[in-house]
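Inspection log for the structure reproduced underneath, given as structure tokens.
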Number of protein chains: 2
Amino acid sequence: MPVLLPPRASDSFLDLALAGERAQATRLTLDLFAEGFPLPVLITDLLGAVQREVGARWHRAEIGVADEHLVTGVSQATLGALAATVPHRPGRGTVVLACAEGDWHSLPAQLFAEALRAEGQGVLYLGASSPSEDVSRLLERRRPDALLVTCNLALSYPGVAGLADAAHRHGVPVLAGGRALNPVRAVALGADAWAADVTSAVNLLRSWRRFPPEVDPSPVELVAAAPALDARAPELGGIAYEALAERFPPMADYDRRQRARTYEDLVYIVRFLAAARLVDDEEVFTTFATWLEELLVARGVPAAALIAGLEVLAPSVRDIDERSGALALSAVERIGCRAA
Amino acid sequence: MPVLLPPRASDSFLDLALAGERAQATRLTLDLFAEGFPLPVLITDLLGAVQREVGARWHRAEIGVADEHLVTGVSQATLGALAATVPHRPGRGTVVLACAEGDWHSLPAQLFAEALRAEGQGVLYLGASSPSEDVSRLLERRRPDALLVTCNLALSYPGVAGLADAAHRHGVPVLAGGRALNPVRAVALGADAWAADVTSAVNLLRSWRRFPPEVDPSPVELVAAAPALDARAPELGGIAYEALAERFPPMADYDRRQRARTYEDLVYIVRFLAAARLVDDEEVFTTFATWLEELLVARGVPAAALIAGLEVLAPSVRDIDERSGALALSAVERIGCRAA
């Protein structure tokens, strides 16, 4: 039977964290633990839920990045307090857990690591932005049962593939998870399996201990156009930025910060197109485009700006990869329909 | 009287952390706390010392990035356990503590925040890479006694200046610290004061509560050449990379990874030249150049490669900023003398 937290627990935690009341937020969590709520539930349904909600509020421009950082710091401290409260049990086997290179948001991986430990799984936690070559050397030396890779942003897909290759070179199987993955995407990036949550990860690792998966040491084959597009994103963003200034007159009144943001968004669009191609899943891009549209509209930037941005990007994207160019233009249609 | 830790405490912690024995490393630390060693001492002389040592071993190529991450994860968990052990005292006043935008290594700031809290200082911890505009909005709303900025890498200097300006717009004084700063550099970046350690920070904040410093709301004036150089670092690195391939024949045998590293190093050289100019302190660059030379030599790259890199960069750097070009060439002489 699933254990249900008091409905308002995560709201209360978030209110306290946003107010900077760290001690009270931690106390609330430790009290729930003392009342018998298991650690994995507190990690997933309290701290995890808080982080998802804070991300959603930032997306809707209800809170700022600094508020988000404040809450993350409180969640992290609470996680530390929780982890210190739980008695240490010698872990079953050892897995290495890492975020792909370039992924600096380590809290989801930390939450996952602590939840695994609470289930008796031994974990070597590497955390944020772990370069494949370096992880490779550690795997060679430590020979863990598996490498676990968390990926919460599609921009880290190339890093996930790099980590999978590194693990496979040493015969280590790879289990991937996180919000930017699903079973098909995980396997496309070279993972041997995907886990939706801690329970499935623990079950899978248990079955791997009995029946180790066959690991193919050859590198995963990726769509060649994707890395080319990703590498040229800053350049394509720059070209599109110049074109956009002509195409979208309100840009003339943008301040330095708005200009920098616009350029960044153009580069992100190209990089998400590349990410979608890498796992051969257009939804990676359409989800991002909708998310970006909502984010911009919440900040007073009209959908027309995003449409203009996609239109100026499409030709040079198409020169590198035809399908990505078409994908950018199909997003234009969809956003146009919604905006109309 | 300073409290001295058992001489081998940090060595033992580091050995345990490198072996992935998190529970034992945390236990060792909590035992020292139970024996009466104060939290700030454990933070600075145990966890802080461990992080410095792990950085030094990585620099000497004795351990890899993955090992460094492993240790950081253990230190962070231990910090969480320590913080949870200490009874909460209502803090004296409130300060906001942030790392500059682009600085993702948050553990030093976390250590500092916990040490401040242990001294009874109320802290709103924002942590890694906090964009100035967002911090500005938080400061406007929260009106803390001060903004504390930690800076451990000179590449974050522009972010420090941005945070200082943001604070000053709302009349909030700025206290800066961290390994990349000293009193002169901190003030050059707009800080109102610099603190060498937790004790001096606490003392200064106490005196600021009695005699609040006068805060100048106008933005700090920075050497104009520095941002221009920093912004063009990727481009100058690219030009120099092409030239270096002709100048330094062994590059022909470099693999993909070595080529990427070489390009990155060239970009870093330009960015550290810009950082040195920003605070008008050549030592920022000479320290970096020596560090890079040692790092490369420890990885089998001869000093001649670095000399060649500096020489191919110097002309285009000089076109943007004469003094930076001269600084690059003076490093060539120094490295040449040592190598000879």
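Chains: A, B, ... in order of the structure tokens. Residues: from 1 per chain. Ligands: from 1, in order shown.
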
Please provide chain A as a tab-separated table (two decimals) with C-alpha atoms, in the first residue's frame, once it has been superposed on chain B by least squares across all sequentially paired Cα atoms.
```
chain	number	residue	atom	x	y	z
A	1	MET	CA	43.68	29.86	22.00
A	2	PRO	CA	43.23	28.12	18.67
A	3	VAL	CA	41.76	24.64	18.86
A	4	LEU	CA	43.97	22.12	17.09
A	5	LEU	CA	42.53	19.05	15.45
A	6	PRO	CA	44.36	15.72	15.75
A	7	PRO	CA	47.01	16.03	13.02
A	8	ARG	CA	45.80	13.05	11.04
A	9	ALA	CA	42.07	13.73	11.20
A	10	SER	CA	41.76	15.25	7.75
A	11	ASP	CA	44.04	12.59	6.19
A	12	SER	CA	41.86	9.86	7.69
A	13	PHE	CA	38.70	11.58	6.48
A	14	LEU	CA	40.14	11.90	2.98
A	15	ASP	CA	41.22	8.24	2.86
A	16	LEU	CA	37.72	7.15	3.88
A	17	ALA	CA	36.04	9.52	1.44
A	18	LEU	CA	38.23	8.38	-1.48
A	19	ALA	CA	37.31	4.79	-0.60
A	20	GLY	CA	33.62	5.78	-0.72
A	21	GLU	CA	33.22	5.01	3.01
A	22	ARG	CA	30.84	7.85	3.66
A	23	ALA	CA	29.31	6.52	6.85
A	24	GLN	CA	32.74	6.10	8.46
A	25	ALA	CA	33.94	9.54	7.35
A	26	THR	CA	30.82	11.12	8.82
A	27	ARG	CA	31.18	9.08	12.03
A	28	LEU	CA	34.80	10.23	12.44
A	29	THR	CA	33.64	13.85	12.17
A	30	LEU	CA	30.67	13.49	14.51
A	31	ASP	CA	32.95	11.78	17.05
A	32	LEU	CA	35.34	14.75	16.95
A	33	PHE	CA	32.36	17.04	17.47
A	34	ALA	CA	31.22	14.92	20.43
A	35	GLU	CA	34.77	15.16	21.85
A	36	GLY	CA	34.33	18.93	21.97
A	37	PHE	CA	35.88	20.26	18.77
A	38	PRO	CA	33.77	23.27	17.76
A	39	LEU	CA	31.80	23.19	14.54
A	40	PRO	CA	33.68	26.08	12.87
A	41	VAL	CA	36.97	24.26	13.51
A	42	LEU	CA	35.63	21.03	12.00
A	43	ILE	CA	34.30	22.94	9.02
A	44	THR	CA	37.46	24.93	8.34
A	45	ASP	CA	40.23	22.60	9.48
A	46	LEU	CA	38.67	19.26	8.63
A	47	LEU	CA	36.19	19.58	5.73
A	48	GLY	CA	37.84	22.71	4.32
A	49	ALA	CA	41.30	21.13	4.59
A	50	VAL	CA	40.03	17.97	2.88
A	51	GLN	CA	38.66	19.95	-0.05
A	52	ARG	CA	41.92	21.90	-0.43
A	53	GLU	CA	43.95	18.68	-0.34
A	54	VAL	CA	41.72	16.94	-2.85
A	55	GLY	CA	42.09	19.93	-5.18
A	56	ALA	CA	45.87	19.80	-4.78
A	57	ARG	CA	45.97	16.07	-5.53
A	58	TRP	CA	43.86	16.53	-8.65
A	59	HIS	CA	46.18	19.36	-9.72
A	60	ARG	CA	49.14	16.98	-9.37
A	61	ALA	CA	47.22	14.37	-11.45
A	62	GLU	CA	47.25	11.96	-8.50
A	63	ILE	CA	43.48	11.58	-8.54
A	64	GLY	CA	40.77	12.18	-11.15
A	65	VAL	CA	37.75	14.46	-11.31
A	66	ALA	CA	35.49	11.54	-10.39
A	67	ASP	CA	37.48	10.98	-7.17
A	68	GLU	CA	37.17	14.68	-6.42
A	69	HIS	CA	33.41	14.47	-6.90
A	70	LEU	CA	33.22	11.41	-4.68
A	71	VAL	CA	35.01	13.25	-1.86
A	72	THR	CA	32.88	16.37	-2.32
A	73	GLY	CA	29.73	14.26	-1.97
A	74	VAL	CA	31.05	12.74	1.26
A	75	SER	CA	32.06	16.16	2.62
A	76	GLN	CA	28.65	17.55	1.77
A	77	ALA	CA	26.83	14.70	3.48
A	78	THR	CA	29.06	15.12	6.54
A	79	LEU	CA	28.34	18.83	6.57
A	80	GLY	CA	24.63	18.02	6.49
A	81	ALA	CA	25.03	15.59	9.38
A	82	LEU	CA	27.03	18.14	11.40
A	83	ALA	CA	24.52	20.90	10.74
A	84	ALA	CA	21.69	18.61	11.85
A	85	THR	CA	23.55	17.82	15.08
A	86	VAL	CA	23.96	21.40	16.19
A	87	PRO	CA	20.98	22.80	18.08
A	88	HIS	CA	19.25	25.64	16.27
A	89	ARG	CA	19.83	29.03	17.87
A	90	PRO	CA	17.78	31.98	16.67
A	91	GLY	CA	20.33	33.82	14.53
A	92	ARG	CA	21.70	37.32	15.05
A	93	GLY	CA	20.48	39.38	12.12
A	94	THR	CA	20.24	37.99	8.63
A	95	VAL	CA	22.73	37.95	5.81
A	96	VAL	CA	22.29	36.55	2.31
A	97	LEU	CA	25.15	34.36	1.07
A	98	ALA	CA	25.63	33.71	-2.64
A	99	CYS	CA	28.16	32.48	-5.19
A	100	ALA	CA	28.57	34.67	-8.26
A	101	GLU	CA	26.87	33.69	-11.51
A	102	GLY	CA	28.85	30.99	-13.29
A	103	ASP	CA	30.39	29.65	-10.08
A	104	TRP	CA	28.91	26.17	-9.64
A	105	HIS	CA	31.25	24.94	-6.92
A	106	SER	CA	29.05	25.66	-3.96
A	107	LEU	CA	30.66	23.58	-1.21
A	108	PRO	CA	33.01	26.37	0.01
A	109	ALA	CA	29.99	28.68	0.33
A	110	GLN	CA	28.04	25.96	2.13
A	111	LEU	CA	30.91	25.42	4.58
A	112	PHE	CA	31.05	29.16	5.17
A	113	ALA	CA	27.28	29.39	5.69
A	114	GLU	CA	27.24	26.59	8.28
A	115	ALA	CA	30.22	28.06	10.13
A	116	LEU	CA	28.45	31.44	10.27
A	117	ARG	CA	25.29	29.79	11.57
A	118	ALA	CA	27.29	27.98	14.23
A	119	GLU	CA	28.44	31.43	15.37
A	120	GLY	CA	24.83	32.49	15.75
A	121	GLN	CA	24.57	34.42	12.49
A	122	GLY	CA	21.27	34.10	10.60
A	123	VAL	CA	22.00	33.12	6.98
A	124	LEU	CA	19.87	32.89	3.87
A	125	TYR	CA	21.98	30.60	1.71
A	126	LEU	CA	21.51	30.91	-2.06
A	127	GLY	CA	24.51	28.84	-3.13
A	128	ALA	CA	25.83	28.20	-6.61
A	129	SER	CA	25.67	30.53	-9.60
A	130	SER	CA	23.24	33.23	-8.44
A	131	PRO	CA	22.40	35.75	-11.18
A	132	SER	CA	22.69	39.36	-9.98
A	133	GLU	CA	19.27	40.48	-11.22
A	134	ASP	CA	17.54	37.71	-9.31
A	135	VAL	CA	19.57	38.29	-6.15
A	136	SER	CA	18.71	41.98	-6.49
A	137	ARG	CA	14.98	41.27	-6.30
A	138	LEU	CA	15.44	39.03	-3.27
A	139	LEU	CA	17.54	41.69	-1.50
A	140	GLU	CA	14.92	44.32	-2.22
A	141	ARG	CA	12.28	42.17	-0.58
A	142	ARG	CA	14.30	40.76	2.32
A	143	ARG	CA	16.50	43.73	3.25
A	144	PRO	CA	19.28	41.66	4.89
A	145	ASP	CA	22.05	43.22	7.00
A	146	ALA	CA	24.57	42.34	4.31
A	147	LEU	CA	25.21	40.34	1.18
A	148	LEU	CA	28.10	37.89	1.51
A	149	VAL	CA	29.73	36.79	-1.73
A	150	THR	CA	32.20	33.93	-1.92
A	151	CYS	CA	34.57	33.74	-4.87
A	152	ASN	CA	37.04	30.91	-5.32
A	153	LEU	CA	37.84	31.34	-8.98
A	154	ALA	CA	38.90	34.57	-10.67
A	155	LEU	CA	36.61	33.77	-13.63
A	156	SER	CA	33.71	34.77	-11.36
A	157	TYR	CA	34.98	38.33	-10.78
A	158	PRO	CA	32.43	39.90	-13.16
A	159	GLY	CA	29.67	38.07	-11.27
A	160	VAL	CA	31.00	39.39	-7.96
A	161	ALA	CA	30.90	42.94	-9.31
A	162	GLY	CA	27.35	42.34	-10.58
A	163	LEU	CA	26.23	41.11	-7.15
A	164	ALA	CA	27.90	44.09	-5.42
A	165	ASP	CA	26.08	46.53	-7.70
A	166	ALA	CA	22.79	44.70	-7.14
A	167	ALA	CA	23.20	44.93	-3.35
A	168	HIS	CA	24.24	48.58	-3.41
A	169	ARG	CA	21.17	49.56	-5.43
A	170	HIS	CA	19.15	48.50	-2.38
A	171	GLY	CA	21.51	49.99	0.21
A	172	VAL	CA	22.80	46.57	1.28
A	173	PRO	CA	26.54	46.42	2.12
A	174	VAL	CA	28.67	43.67	0.62
A	175	LEU	CA	31.23	41.47	2.37
A	176	ALA	CA	33.34	39.32	0.05
A	177	GLY	CA	35.62	36.39	0.73
A	178	GLY	CA	37.05	33.24	-0.80
A	179	ARG	CA	40.32	32.02	-2.21
A	180	ALA	CA	40.31	34.19	-5.35
A	181	LEU	CA	39.96	37.43	-3.38
A	182	ASN	CA	42.02	39.60	-1.07
A	183	PRO	CA	41.15	43.01	0.40
A	184	VAL	CA	42.28	44.99	-2.65
A	185	ARG	CA	40.60	42.73	-5.21
A	186	ALA	CA	37.37	42.60	-3.19
A	187	VAL	CA	37.15	46.39	-3.05
A	188	ALA	CA	38.06	46.68	-6.76
A	189	LEU	CA	35.01	44.51	-7.50
A	190	GLY	CA	32.75	46.76	-5.44
A	191	ALA	CA	32.67	44.96	-2.09
A	192	ASP	CA	32.60	47.14	1.02
A	193	ALA	CA	34.86	44.78	2.92
A	194	TRP	CA	36.74	41.52	2.73
A	195	ALA	CA	36.91	38.78	5.34
A	196	ALA	CA	39.70	36.23	5.61
A	197	ASP	CA	37.66	33.76	7.64
A	198	VAL	CA	34.46	33.14	9.57
A	199	THR	CA	35.68	34.87	12.75
A	200	SER	CA	36.53	38.10	10.94
A	201	ALA	CA	33.26	37.94	9.01
A	202	VAL	CA	31.27	37.56	12.23
A	203	ASN	CA	33.19	40.43	13.90
A	204	LEU	CA	32.72	42.68	10.91
A	205	LEU	CA	28.99	41.94	10.68
A	206	ARG	CA	28.71	42.74	14.39
A	207	SER	CA	30.39	46.09	13.89
A	208	TRP	CA	28.18	46.79	10.84
A	209	ARG	CA	25.09	46.24	12.99
A	210	ARG	CA	26.30	49.02	15.30
A	211	PHE	CA	27.80	51.26	12.63
A	212	PRO	CA	26.21	50.45	9.26
A	213	PRO	CA	28.63	51.32	6.46
A	214	GLU	CA	27.71	54.00	3.97
A	215	VAL	CA	26.72	52.33	0.75
A	216	ASP	CA	27.32	54.03	-2.56
A	217	PRO	CA	24.47	53.13	-4.94
A	218	SER	CA	26.44	53.90	-8.11
A	219	PRO	CA	27.86	50.88	-9.96
A	220	VAL	CA	31.51	49.98	-9.45
A	221	GLU	CA	33.76	51.26	-12.23
A	222	LEU	CA	35.58	48.41	-13.93
A	223	VAL	CA	38.50	48.47	-16.38
A	224	ALA	CA	36.66	48.61	-19.72
A	225	ALA	CA	39.14	46.39	-21.55
A	226	ALA	CA	38.45	43.44	-19.26
A	227	PRO	CA	34.84	42.63	-20.26
A	228	ALA	CA	35.75	43.07	-23.93
A	229	LEU	CA	38.58	40.58	-23.59
A	230	ASP	CA	36.47	38.14	-21.60
A	231	ALA	CA	33.62	38.26	-24.12
A	232	ARG	CA	35.96	37.52	-27.03
A	233	ALA	CA	37.85	34.71	-25.27
A	234	PRO	CA	36.15	31.87	-27.24
A	235	GLU	CA	36.96	33.60	-30.54
A	236	LEU	CA	40.58	34.39	-29.59
A	237	GLY	CA	40.98	30.84	-28.31
A	238	GLY	CA	39.79	29.52	-31.67
A	239	ILE	CA	42.21	31.66	-33.66
A	240	ALA	CA	45.10	30.71	-31.37
A	241	TYR	CA	44.17	27.04	-31.59
A	242	GLU	CA	44.62	27.06	-35.37
A	243	ALA	CA	47.96	28.87	-35.05
A	244	LEU	CA	49.14	26.54	-32.31
A	245	ALA	CA	48.56	23.46	-34.46
A	246	GLU	CA	51.22	24.84	-36.87
A	247	ARG	CA	53.54	26.05	-34.16
A	248	PHE	CA	53.52	23.00	-31.90
A	249	PRO	CA	53.94	19.83	-34.02
A	250	PRO	CA	53.06	17.26	-31.29
A	251	MET	CA	49.45	18.50	-31.55
A	252	ALA	CA	49.11	16.52	-34.76
A	253	ASP	CA	48.94	13.35	-32.63
A	254	TYR	CA	46.41	14.72	-30.11
A	255	ASP	CA	43.13	12.81	-29.81
A	256	ARG	CA	39.73	14.52	-29.79
A	257	ARG	CA	39.76	14.98	-26.03
A	258	GLN	CA	43.28	16.47	-25.95
A	259	ARG	CA	42.31	18.89	-28.71
A	260	ALA	CA	39.21	19.99	-26.80
A	261	ARG	CA	41.31	20.48	-23.64
A	262	THR	CA	43.88	22.54	-25.55
A	263	TYR	CA	41.19	24.84	-26.90
A	264	GLU	CA	39.66	25.17	-23.44
A	265	ASP	CA	43.02	26.05	-21.92
A	266	LEU	CA	43.57	28.77	-24.53
A	267	VAL	CA	40.17	30.26	-23.73
A	268	TYR	CA	40.93	30.08	-19.98
A	269	ILE	CA	44.22	31.92	-20.52
A	270	VAL	CA	42.37	34.82	-22.16
A	271	ARG	CA	39.71	34.82	-19.44
A	272	PHE	CA	42.30	34.90	-16.65
A	273	LEU	CA	44.08	37.77	-18.41
A	274	ALA	CA	40.74	39.59	-18.39
A	275	ALA	CA	40.21	38.73	-14.71
A	276	ALA	CA	43.65	40.11	-13.82
A	277	ARG	CA	42.86	43.34	-15.64
A	278	LEU	CA	39.45	43.61	-13.98
A	279	VAL	CA	41.01	43.87	-10.51
A	280	ASP	CA	44.21	45.49	-11.83
A	281	ASP	CA	46.36	42.77	-10.29
A	282	GLU	CA	48.79	40.88	-12.52
A	283	GLU	CA	49.28	38.26	-9.84
A	284	VAL	CA	45.84	36.88	-10.69
A	285	PHE	CA	47.25	35.85	-14.04
A	286	THR	CA	50.76	34.82	-12.97
A	287	THR	CA	49.31	32.57	-10.25
A	288	PHE	CA	47.02	30.98	-12.82
A	289	ALA	CA	49.82	30.54	-15.37
A	290	THR	CA	52.02	28.76	-12.81
A	291	TRP	CA	49.10	26.60	-11.73
A	292	LEU	CA	48.33	25.69	-15.36
A	293	GLU	CA	51.99	24.94	-16.10
A	294	GLU	CA	52.17	22.56	-13.13
A	295	LEU	CA	48.87	20.97	-14.10
A	296	LEU	CA	50.02	20.36	-17.68
A	297	VAL	CA	53.47	19.07	-16.70
A	298	ALA	CA	51.83	16.63	-14.23
A	299	ARG	CA	49.85	15.32	-17.23
A	300	GLY	CA	52.86	14.93	-19.50
A	301	VAL	CA	52.35	18.16	-21.46
A	302	PRO	CA	55.70	20.03	-21.68
A	303	ALA	CA	56.09	23.67	-20.66
A	304	ALA	CA	56.92	24.34	-24.32
A	305	ALA	CA	53.26	23.74	-25.21
A	306	LEU	CA	52.10	26.41	-22.77
A	307	ILE	CA	54.79	28.81	-23.99
A	308	ALA	CA	53.67	28.26	-27.59
A	309	GLY	CA	50.04	28.79	-26.56
A	310	LEU	CA	50.82	32.08	-24.84
A	311	GLU	CA	52.87	33.26	-27.81
A	312	VAL	CA	50.14	32.57	-30.35
A	313	LEU	CA	47.55	34.26	-28.15
A	314	ALA	CA	49.57	37.38	-27.36
A	315	PRO	CA	49.15	39.32	-30.65
A	316	SER	CA	45.36	39.13	-30.83
A	317	VAL	CA	45.07	39.78	-27.09
A	318	ARG	CA	47.30	42.85	-27.51
A	319	ASP	CA	45.00	44.17	-30.26
A	320	ILE	CA	42.21	44.34	-27.68
A	321	ASP	CA	44.25	45.32	-24.64
A	322	GLU	CA	47.94	46.13	-24.76
A	323	ARG	CA	48.68	45.42	-21.11
A	324	SER	CA	47.08	41.97	-21.29
A	325	GLY	CA	49.21	41.13	-24.32
A	326	ALA	CA	52.33	42.20	-22.44
A	327	LEU	CA	51.23	40.18	-19.42
A	328	ALA	CA	50.89	37.04	-21.54
A	329	LEU	CA	54.41	37.52	-22.94
A	330	SER	CA	55.94	38.17	-19.52
A	331	ALA	CA	54.52	34.79	-18.43
A	332	VAL	CA	56.33	33.24	-21.42
A	333	GLU	CA	59.64	34.57	-20.14
A	334	ARG	CA	59.05	33.35	-16.61
A	335	ILE	CA	58.01	29.86	-17.70
A	336	GLY	CA	60.94	29.73	-20.15
A	337	CYS	CA	63.41	30.58	-17.35
A	338	ARG	CA	62.02	27.89	-15.09
A	339	ALA	CA	61.95	25.31	-17.88
A	340	ALA	CA	65.54	26.12	-18.96
```

Residues flagged alpha helix (DSSP H) by DSSP in segment 125-204 of chain B, as a VMD selection string:
chain B and resid 132 to 142 157 to 169 183 to 188 198 to 204

Name the residues of segment 57-154 of chain A that come out as strand (DSSP E) in a backbone DSSP run; write them as a count of residues only.
24
